[in-house]
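Peer 1: File name data-v4.cif; file contents mmCIF, N, CA and C atoms; full text below.
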data_data
#
loop_
_atom_site.label_atom_id
_atom_site.label_comp_id
_atom_site.auth_asym_id
_atom_site.auth_seq_id
_atom_site.Cartn_x
_atom_site.Cartn_y
_atom_site.Cartn_z
N MET A 559 26.15 10.92 5.44
CA MET A 559 24.82 10.38 5.27
C MET A 559 24.44 10.41 3.80
N ALA A 560 23.81 9.35 3.34
CA ALA A 560 23.40 9.26 1.95
C ALA A 560 22.31 10.28 1.64
N GLU A 561 22.26 10.70 0.40
CA GLU A 561 21.25 11.67 -0.02
C GLU A 561 19.99 11.00 -0.54
N LYS A 562 20.09 9.74 -0.92
CA LYS A 562 18.95 8.99 -1.48
C LYS A 562 18.86 7.64 -0.78
N ILE A 563 17.68 7.05 -0.89
CA ILE A 563 17.47 5.69 -0.42
C ILE A 563 16.88 4.92 -1.59
N THR A 564 17.34 3.68 -1.78
CA THR A 564 16.83 2.84 -2.86
C THR A 564 15.55 2.17 -2.38
N LEU A 565 14.49 2.33 -3.14
CA LEU A 565 13.20 1.68 -2.85
C LEU A 565 12.99 0.58 -3.87
N GLU A 566 12.84 -0.64 -3.38
CA GLU A 566 12.55 -1.78 -4.24
C GLU A 566 11.23 -2.38 -3.76
N LEU A 567 10.25 -2.48 -4.65
CA LEU A 567 8.93 -2.97 -4.29
C LEU A 567 8.63 -4.20 -5.15
N VAL A 568 8.31 -5.32 -4.47
CA VAL A 568 8.12 -6.59 -5.15
C VAL A 568 6.84 -7.26 -4.66
N THR A 569 6.08 -7.85 -5.61
CA THR A 569 4.94 -8.69 -5.28
C THR A 569 5.30 -10.12 -5.71
N PRO A 570 4.47 -11.11 -5.39
CA PRO A 570 4.77 -12.47 -5.87
C PRO A 570 4.75 -12.57 -7.41
N TYR A 571 4.18 -11.58 -8.07
CA TYR A 571 3.99 -11.65 -9.51
C TYR A 571 4.97 -10.82 -10.33
N ARG A 572 5.53 -9.78 -9.71
CA ARG A 572 6.42 -8.90 -10.48
C ARG A 572 7.18 -7.95 -9.57
N LYS A 573 8.28 -7.42 -10.12
CA LYS A 573 8.97 -6.33 -9.45
C LYS A 573 8.26 -5.06 -9.92
N VAL A 574 7.66 -4.34 -9.00
CA VAL A 574 6.86 -3.16 -9.33
C VAL A 574 7.76 -1.96 -9.61
N LEU A 575 8.80 -1.79 -8.80
CA LEU A 575 9.69 -0.66 -9.04
C LEU A 575 11.00 -0.81 -8.30
N THR A 576 12.00 -0.16 -8.83
CA THR A 576 13.28 0.05 -8.17
C THR A 576 13.65 1.49 -8.48
N GLU A 577 13.70 2.33 -7.46
CA GLU A 577 13.94 3.77 -7.65
C GLU A 577 14.85 4.31 -6.56
N GLU A 578 15.63 5.30 -6.90
CA GLU A 578 16.38 6.08 -5.92
C GLU A 578 15.44 7.22 -5.50
N VAL A 579 15.06 7.27 -4.22
CA VAL A 579 14.07 8.25 -3.76
C VAL A 579 14.61 9.07 -2.59
N ASP A 580 13.90 10.17 -2.31
CA ASP A 580 14.29 11.06 -1.23
C ASP A 580 13.65 10.68 0.11
N GLU A 581 12.44 10.10 0.04
CA GLU A 581 11.68 9.82 1.26
C GLU A 581 10.59 8.80 0.95
N ILE A 582 10.27 7.94 1.93
CA ILE A 582 9.22 6.93 1.80
C ILE A 582 8.26 7.09 2.97
N THR A 583 6.98 6.99 2.70
CA THR A 583 5.96 6.98 3.75
C THR A 583 5.08 5.75 3.52
N ALA A 584 4.83 4.97 4.57
CA ALA A 584 4.04 3.75 4.44
C ALA A 584 3.12 3.59 5.65
N THR A 585 2.19 2.63 5.52
CA THR A 585 1.23 2.35 6.59
C THR A 585 1.60 1.03 7.25
N GLY A 586 2.13 1.12 8.46
CA GLY A 586 2.49 -0.07 9.22
C GLY A 586 1.35 -0.52 10.11
N ALA A 587 1.57 -1.62 10.79
CA ALA A 587 0.55 -2.17 11.69
C ALA A 587 0.18 -1.19 12.80
N LEU A 588 1.14 -0.32 13.19
CA LEU A 588 0.89 0.63 14.27
C LEU A 588 0.62 2.05 13.76
N GLY A 589 0.53 2.22 12.45
CA GLY A 589 0.25 3.54 11.90
C GLY A 589 1.24 3.93 10.82
N GLU A 590 1.11 5.15 10.36
CA GLU A 590 1.94 5.66 9.27
C GLU A 590 3.34 6.00 9.78
N PHE A 591 4.35 5.72 8.96
CA PHE A 591 5.72 6.04 9.34
C PHE A 591 6.50 6.47 8.10
N GLY A 592 7.62 7.13 8.34
CA GLY A 592 8.46 7.61 7.25
C GLY A 592 9.85 7.04 7.33
N VAL A 593 10.50 6.97 6.17
CA VAL A 593 11.87 6.47 6.06
C VAL A 593 12.65 7.47 5.22
N LEU A 594 13.76 7.93 5.76
CA LEU A 594 14.66 8.85 5.07
C LEU A 594 16.01 8.18 4.85
N PRO A 595 16.83 8.70 3.95
CA PRO A 595 18.18 8.17 3.81
C PRO A 595 18.90 8.19 5.17
N GLY A 596 19.69 7.15 5.43
CA GLY A 596 20.39 7.06 6.71
C GLY A 596 19.56 6.45 7.82
N HIS A 597 18.36 5.97 7.51
CA HIS A 597 17.47 5.38 8.52
C HIS A 597 18.13 4.16 9.16
N ALA A 598 17.88 3.97 10.42
CA ALA A 598 18.39 2.80 11.14
C ALA A 598 17.75 1.54 10.56
N PRO A 599 18.43 0.39 10.67
CA PRO A 599 17.84 -0.85 10.18
C PRO A 599 16.47 -1.08 10.81
N LEU A 600 15.54 -1.60 10.01
CA LEU A 600 14.15 -1.74 10.45
C LEU A 600 13.52 -2.89 9.69
N LEU A 601 12.69 -3.67 10.36
CA LEU A 601 11.85 -4.67 9.73
C LEU A 601 10.48 -4.52 10.35
N THR A 602 9.46 -4.28 9.52
CA THR A 602 8.13 -4.07 10.04
C THR A 602 7.09 -4.65 9.10
N SER A 603 5.93 -4.94 9.63
CA SER A 603 4.83 -5.41 8.79
C SER A 603 4.05 -4.21 8.27
N LEU A 604 3.46 -4.39 7.11
CA LEU A 604 2.62 -3.36 6.51
C LEU A 604 1.19 -3.89 6.45
N LYS A 605 0.24 -3.01 6.66
CA LYS A 605 -1.15 -3.41 6.52
C LYS A 605 -1.69 -2.83 5.21
N ILE A 606 -2.91 -3.14 4.90
CA ILE A 606 -3.55 -2.57 3.73
C ILE A 606 -3.44 -1.06 3.87
N GLY A 607 -2.88 -0.40 2.87
CA GLY A 607 -2.71 1.03 2.99
C GLY A 607 -1.96 1.61 1.81
N GLU A 608 -1.51 2.81 2.00
CA GLU A 608 -0.83 3.55 0.95
C GLU A 608 0.66 3.61 1.23
N LEU A 609 1.44 3.54 0.16
CA LEU A 609 2.86 3.81 0.23
C LEU A 609 3.09 4.97 -0.74
N SER A 610 3.78 5.99 -0.26
CA SER A 610 4.13 7.10 -1.14
C SER A 610 5.63 7.34 -1.03
N TYR A 611 6.18 7.89 -2.10
CA TYR A 611 7.59 8.23 -2.07
C TYR A 611 7.82 9.52 -2.83
N LYS A 612 8.78 10.28 -2.31
CA LYS A 612 9.16 11.55 -2.93
C LYS A 612 10.43 11.34 -3.72
N LYS A 613 10.42 11.87 -4.92
CA LYS A 613 11.59 11.80 -5.78
C LYS A 613 11.67 13.12 -6.51
N GLY A 614 12.75 13.86 -6.26
CA GLY A 614 12.83 15.20 -6.85
C GLY A 614 11.72 16.05 -6.27
N GLY A 615 10.97 16.71 -7.11
CA GLY A 615 9.86 17.53 -6.63
C GLY A 615 8.53 16.82 -6.63
N GLY A 616 8.48 15.55 -7.08
CA GLY A 616 7.20 14.85 -7.21
C GLY A 616 6.97 13.81 -6.14
N VAL A 617 5.70 13.45 -5.98
CA VAL A 617 5.30 12.40 -5.05
C VAL A 617 4.51 11.37 -5.83
N SER A 618 4.85 10.09 -5.62
CA SER A 618 4.13 8.98 -6.25
C SER A 618 3.41 8.19 -5.17
N HIS A 619 2.25 7.63 -5.53
CA HIS A 619 1.42 6.91 -4.57
C HIS A 619 1.10 5.51 -5.09
N LEU A 620 1.07 4.54 -4.18
CA LEU A 620 0.69 3.18 -4.51
C LEU A 620 -0.25 2.64 -3.44
N ALA A 621 -1.17 1.78 -3.85
CA ALA A 621 -2.05 1.08 -2.92
C ALA A 621 -1.43 -0.29 -2.68
N LEU A 622 -1.24 -0.65 -1.40
CA LEU A 622 -0.61 -1.91 -1.04
C LEU A 622 -1.59 -2.81 -0.29
N ASN A 623 -1.34 -4.11 -0.41
CA ASN A 623 -2.15 -5.09 0.30
C ASN A 623 -1.23 -6.01 1.09
N TRP A 624 -1.11 -5.79 2.38
CA TRP A 624 -0.34 -6.59 3.33
C TRP A 624 1.08 -6.88 2.88
N GLY A 625 1.99 -6.87 3.80
CA GLY A 625 3.36 -7.23 3.48
C GLY A 625 4.35 -6.80 4.53
N TYR A 626 5.59 -6.61 4.08
CA TYR A 626 6.70 -6.27 4.97
C TYR A 626 7.58 -5.22 4.33
N LEU A 627 8.24 -4.44 5.16
CA LEU A 627 9.21 -3.46 4.70
C LEU A 627 10.47 -3.63 5.54
N GLU A 628 11.60 -3.76 4.85
CA GLU A 628 12.89 -3.86 5.53
C GLU A 628 13.78 -2.72 5.06
N VAL A 629 14.41 -2.04 6.01
CA VAL A 629 15.38 -0.99 5.70
C VAL A 629 16.73 -1.44 6.21
N LYS A 630 17.73 -1.37 5.31
CA LYS A 630 19.08 -1.75 5.69
C LYS A 630 20.04 -1.13 4.68
N ASP A 631 21.06 -0.47 5.16
CA ASP A 631 22.11 0.10 4.30
C ASP A 631 21.54 1.00 3.19
N ASP A 632 20.68 1.93 3.55
CA ASP A 632 20.07 2.87 2.60
C ASP A 632 19.35 2.18 1.46
N LYS A 633 18.72 1.04 1.78
CA LYS A 633 17.87 0.34 0.83
C LYS A 633 16.61 -0.11 1.57
N ALA A 634 15.45 0.18 0.98
CA ALA A 634 14.18 -0.26 1.55
C ALA A 634 13.58 -1.28 0.60
N ILE A 635 13.38 -2.48 1.09
CA ILE A 635 12.77 -3.54 0.30
C ILE A 635 11.36 -3.76 0.83
N VAL A 636 10.39 -3.67 -0.07
CA VAL A 636 8.98 -3.83 0.28
C VAL A 636 8.48 -5.09 -0.42
N LEU A 637 8.01 -6.05 0.37
CA LEU A 637 7.43 -7.28 -0.15
C LEU A 637 5.96 -7.28 0.22
N VAL A 638 5.08 -7.25 -0.77
CA VAL A 638 3.65 -7.17 -0.51
C VAL A 638 2.87 -8.12 -1.42
N GLU A 639 1.64 -8.45 -1.01
CA GLU A 639 0.79 -9.32 -1.83
C GLU A 639 0.45 -8.65 -3.15
N THR A 640 0.01 -7.40 -3.09
CA THR A 640 -0.31 -6.65 -4.31
C THR A 640 0.12 -5.20 -4.13
N ALA A 641 0.41 -4.56 -5.25
CA ALA A 641 0.76 -3.14 -5.26
C ALA A 641 0.27 -2.56 -6.57
N GLU A 642 -0.43 -1.44 -6.48
CA GLU A 642 -0.93 -0.76 -7.68
C GLU A 642 -0.54 0.70 -7.62
N ARG A 643 0.07 1.19 -8.69
CA ARG A 643 0.35 2.61 -8.81
C ARG A 643 -0.98 3.34 -8.96
N ALA A 644 -1.00 4.58 -8.53
CA ALA A 644 -2.24 5.36 -8.58
C ALA A 644 -2.84 5.38 -9.97
N ASP A 645 -1.99 5.53 -11.00
CA ASP A 645 -2.52 5.62 -12.37
C ASP A 645 -2.91 4.27 -12.96
N GLU A 646 -2.65 3.17 -12.27
CA GLU A 646 -3.05 1.83 -12.72
C GLU A 646 -4.40 1.42 -12.17
N ILE A 647 -4.91 2.13 -11.19
CA ILE A 647 -6.14 1.72 -10.51
C ILE A 647 -7.36 2.10 -11.34
N ASP A 648 -8.22 1.12 -11.54
CA ASP A 648 -9.50 1.33 -12.23
C ASP A 648 -10.50 1.80 -11.17
N LEU A 649 -10.81 3.09 -11.20
CA LEU A 649 -11.66 3.68 -10.16
C LEU A 649 -13.05 3.06 -10.14
N GLU A 650 -13.62 2.79 -11.31
CA GLU A 650 -14.96 2.19 -11.35
C GLU A 650 -14.96 0.79 -10.73
N ARG A 651 -13.91 0.04 -10.99
CA ARG A 651 -13.78 -1.30 -10.41
C ARG A 651 -13.65 -1.21 -8.89
N ALA A 652 -12.88 -0.24 -8.42
CA ALA A 652 -12.72 -0.04 -6.98
C ALA A 652 -14.04 0.35 -6.33
N LYS A 653 -14.81 1.22 -6.99
CA LYS A 653 -16.12 1.61 -6.46
C LYS A 653 -17.06 0.41 -6.39
N ALA A 654 -17.03 -0.43 -7.42
CA ALA A 654 -17.88 -1.62 -7.43
C ALA A 654 -17.49 -2.57 -6.30
N ALA A 655 -16.18 -2.74 -6.07
CA ALA A 655 -15.71 -3.60 -4.97
C ALA A 655 -16.14 -3.04 -3.62
N LEU A 656 -16.09 -1.73 -3.49
CA LEU A 656 -16.52 -1.08 -2.25
C LEU A 656 -18.00 -1.37 -2.01
N GLY A 657 -18.81 -1.22 -3.04
CA GLY A 657 -20.24 -1.48 -2.92
C GLY A 657 -20.54 -2.92 -2.54
N ARG A 658 -19.84 -3.87 -3.18
CA ARG A 658 -20.04 -5.28 -2.85
C ARG A 658 -19.68 -5.57 -1.40
N ALA A 659 -18.56 -5.02 -0.95
CA ALA A 659 -18.12 -5.25 0.43
C ALA A 659 -19.10 -4.64 1.43
N GLU A 660 -19.59 -3.43 1.13
CA GLU A 660 -20.56 -2.78 2.03
C GLU A 660 -21.84 -3.61 2.13
N GLU A 661 -22.33 -4.09 1.00
CA GLU A 661 -23.56 -4.90 1.00
C GLU A 661 -23.36 -6.20 1.77
N ALA A 662 -22.22 -6.84 1.57
CA ALA A 662 -21.94 -8.09 2.27
C ALA A 662 -21.86 -7.87 3.78
N LEU A 663 -21.22 -6.78 4.19
CA LEU A 663 -21.07 -6.50 5.63
C LEU A 663 -22.41 -6.20 6.29
N LYS A 664 -23.36 -5.65 5.53
CA LYS A 664 -24.69 -5.39 6.09
C LYS A 664 -25.40 -6.68 6.47
N LYS A 665 -25.08 -7.76 5.77
CA LYS A 665 -25.75 -9.04 5.97
C LYS A 665 -25.02 -9.95 6.96
N LEU A 666 -23.80 -9.58 7.34
CA LEU A 666 -22.99 -10.43 8.21
C LEU A 666 -22.92 -9.85 9.62
N THR A 667 -22.66 -10.74 10.56
CA THR A 667 -22.36 -10.30 11.93
C THR A 667 -20.87 -10.56 12.17
N ILE A 668 -20.34 -9.97 13.21
CA ILE A 668 -18.91 -10.10 13.50
C ILE A 668 -18.51 -11.55 13.77
N GLU A 669 -19.45 -12.40 14.12
CA GLU A 669 -19.17 -13.81 14.37
C GLU A 669 -19.07 -14.62 13.09
N ASP A 670 -19.60 -14.12 11.99
CA ASP A 670 -19.55 -14.84 10.72
C ASP A 670 -18.12 -14.99 10.23
N LYS A 671 -17.81 -16.16 9.66
CA LYS A 671 -16.44 -16.42 9.22
C LYS A 671 -16.01 -15.50 8.08
N ASP A 672 -16.93 -15.00 7.29
CA ASP A 672 -16.60 -14.12 6.17
C ASP A 672 -16.53 -12.63 6.55
N TYR A 673 -16.84 -12.31 7.79
CA TYR A 673 -16.87 -10.90 8.20
C TYR A 673 -15.51 -10.23 8.01
N ARG A 674 -14.45 -10.85 8.49
CA ARG A 674 -13.10 -10.26 8.38
C ARG A 674 -12.65 -10.16 6.92
N VAL A 675 -13.04 -11.14 6.11
CA VAL A 675 -12.69 -11.11 4.68
C VAL A 675 -13.34 -9.90 4.00
N MET A 676 -14.60 -9.68 4.29
CA MET A 676 -15.31 -8.55 3.69
C MET A 676 -14.82 -7.21 4.26
N GLU A 677 -14.44 -7.23 5.53
CA GLU A 677 -13.88 -6.02 6.14
C GLU A 677 -12.57 -5.63 5.45
N ALA A 678 -11.73 -6.62 5.15
CA ALA A 678 -10.47 -6.37 4.44
C ALA A 678 -10.74 -5.91 3.01
N ALA A 679 -11.75 -6.49 2.36
CA ALA A 679 -12.12 -6.08 1.00
C ALA A 679 -12.58 -4.62 0.99
N LEU A 680 -13.34 -4.24 2.00
CA LEU A 680 -13.79 -2.86 2.13
C LEU A 680 -12.60 -1.92 2.31
N GLU A 681 -11.66 -2.31 3.15
CA GLU A 681 -10.47 -1.49 3.40
C GLU A 681 -9.62 -1.35 2.13
N ARG A 682 -9.44 -2.46 1.40
CA ARG A 682 -8.67 -2.41 0.14
C ARG A 682 -9.32 -1.48 -0.87
N ALA A 683 -10.63 -1.60 -1.03
CA ALA A 683 -11.34 -0.76 -2.00
C ALA A 683 -11.25 0.71 -1.61
N THR A 684 -11.37 1.00 -0.34
CA THR A 684 -11.27 2.39 0.13
C THR A 684 -9.89 2.97 -0.15
N ILE A 685 -8.85 2.22 0.15
CA ILE A 685 -7.47 2.68 -0.09
C ILE A 685 -7.25 2.87 -1.59
N ARG A 686 -7.71 1.93 -2.40
CA ARG A 686 -7.54 2.04 -3.85
C ARG A 686 -8.20 3.31 -4.38
N MET A 687 -9.39 3.62 -3.87
CA MET A 687 -10.09 4.83 -4.32
C MET A 687 -9.34 6.09 -3.88
N GLN A 688 -8.83 6.09 -2.66
CA GLN A 688 -8.08 7.25 -2.17
C GLN A 688 -6.82 7.48 -2.98
N VAL A 689 -6.09 6.41 -3.29
CA VAL A 689 -4.86 6.53 -4.05
C VAL A 689 -5.17 6.94 -5.49
N ALA A 690 -6.20 6.37 -6.09
CA ALA A 690 -6.59 6.75 -7.47
C ALA A 690 -6.98 8.22 -7.54
N ALA A 691 -7.64 8.72 -6.51
CA ALA A 691 -8.04 10.13 -6.48
C ALA A 691 -6.82 11.04 -6.48
N LYS A 692 -5.75 10.61 -5.86
CA LYS A 692 -4.52 11.42 -5.84
C LYS A 692 -3.91 11.52 -7.24
N ALA A 693 -4.02 10.47 -8.03
CA ALA A 693 -3.51 10.49 -9.41
C ALA A 693 -4.37 11.43 -10.25
N ALA A 694 -5.66 11.43 -9.99
CA ALA A 694 -6.58 12.27 -10.76
C ALA A 694 -6.35 13.76 -10.50
N ARG A 695 -5.84 14.10 -9.32
CA ARG A 695 -5.60 15.51 -8.96
C ARG A 695 -4.35 16.07 -9.58
N LYS A 696 -3.47 15.24 -10.08
CA LYS A 696 -2.21 15.72 -10.64
C LYS A 696 -2.42 16.49 -11.91
#
Kindly return the structure encoded in the file as structure tokens.
Peer 2:
Amino acid sequence: MAEKITLELVTPYRKVLTEEVDEITATGALGEFGVLPGHAPLLTSLKIGELSYKKGGGVSHLALNWGYLEVKDDKAIVLVETAERADEIDLERAKAALGRAEEALKKLTIEDKDYRVMEAALERATIRMQVAAKAARK
């Protein structure tokens, strides 16, 4: 069994990272899951959430926005709309986005066409703030 798994994370705009890691944790459509070296082949969708990976003694965190994760032959390829490392997140901007989404949702009903858009914006802002807070604690 391999000791490491290769994590490759790509958005439509850039390759965010390629790393040999010990463990990956991500947020799938059905909840959080982990991937270790030697994992069985897997293809799953990812929802707005956090992806973390362990490398050596450290843990790194990223905020993701929708996508897919494929595991095959000790390589995990993550294709997502956006990905931000914890230290790249502007906390004030995330707080402002959270406030805008909360205000918009107060004015909308679930039948409004923009309700789901604002709900997703709220979820993205919340995840970004949580991931940024983890960078601040280091």
Peer 1: On this structure, the PyMOL selection byres ((chain A and resi 686-690) around 7) would catch which residues? List them as a PyMOL selection string, sorted by chain and number.
Peer 2: chain A and resi 619-621+643-645+647+649+652-653+681-685+691-695
Peer 1: Applying 6 Å and only N, CA and C atoms, which residues near Gly625 in chain A remain after dropping the ones on its own chain fewer than 4 positions away? List them as a list in words.
Peer 2: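 Those residues are Thr602, Ser603, Leu604, Lys605, Leu637, Val638 and Glu639 of chain A.
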Peer 1: Apply DSSP to the structure's backbone, then extract all residues of chain A labelled strand (DSSP E or B) and return them as a PyMOL selection string.
Peer 2: chain A and resi 563-568+573-579+581-586+589-593+600-604+607-613+616-630+633-643
Peer 1: Interatomic distance between atom C of Val574 in chain A and atom N of Arg658 in chain A?
Peer 2: 28.4 Å
Peer 1: Given the choices A:Lys665, A:Lys613, A:Lys671, A:Lys633, which gets closest to Pro595 in chain A if the distance is worked out from only N, CA and C atoms?
Peer 2: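 Using only N, CA and C atoms, Pro595 in chain A sits closest to A:Lys633.
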Peer 1: Considering only C-alpha atoms, can you say which of A:Gly657, A:Leu627, A:Arg674, A:Thr667 comes closest to Leu601 in chain A?
Peer 2: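 Of all the options, A:Leu627 lies closest to Leu601 in chain A.
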Peer 1: Check the DSSP output for the backbone and give back, as a ChimeraX atom specification, the residues of range 629-690 of chain A in helix (DSSP H, G or I).
Peer 2: /A:644-646,649-665,673-690
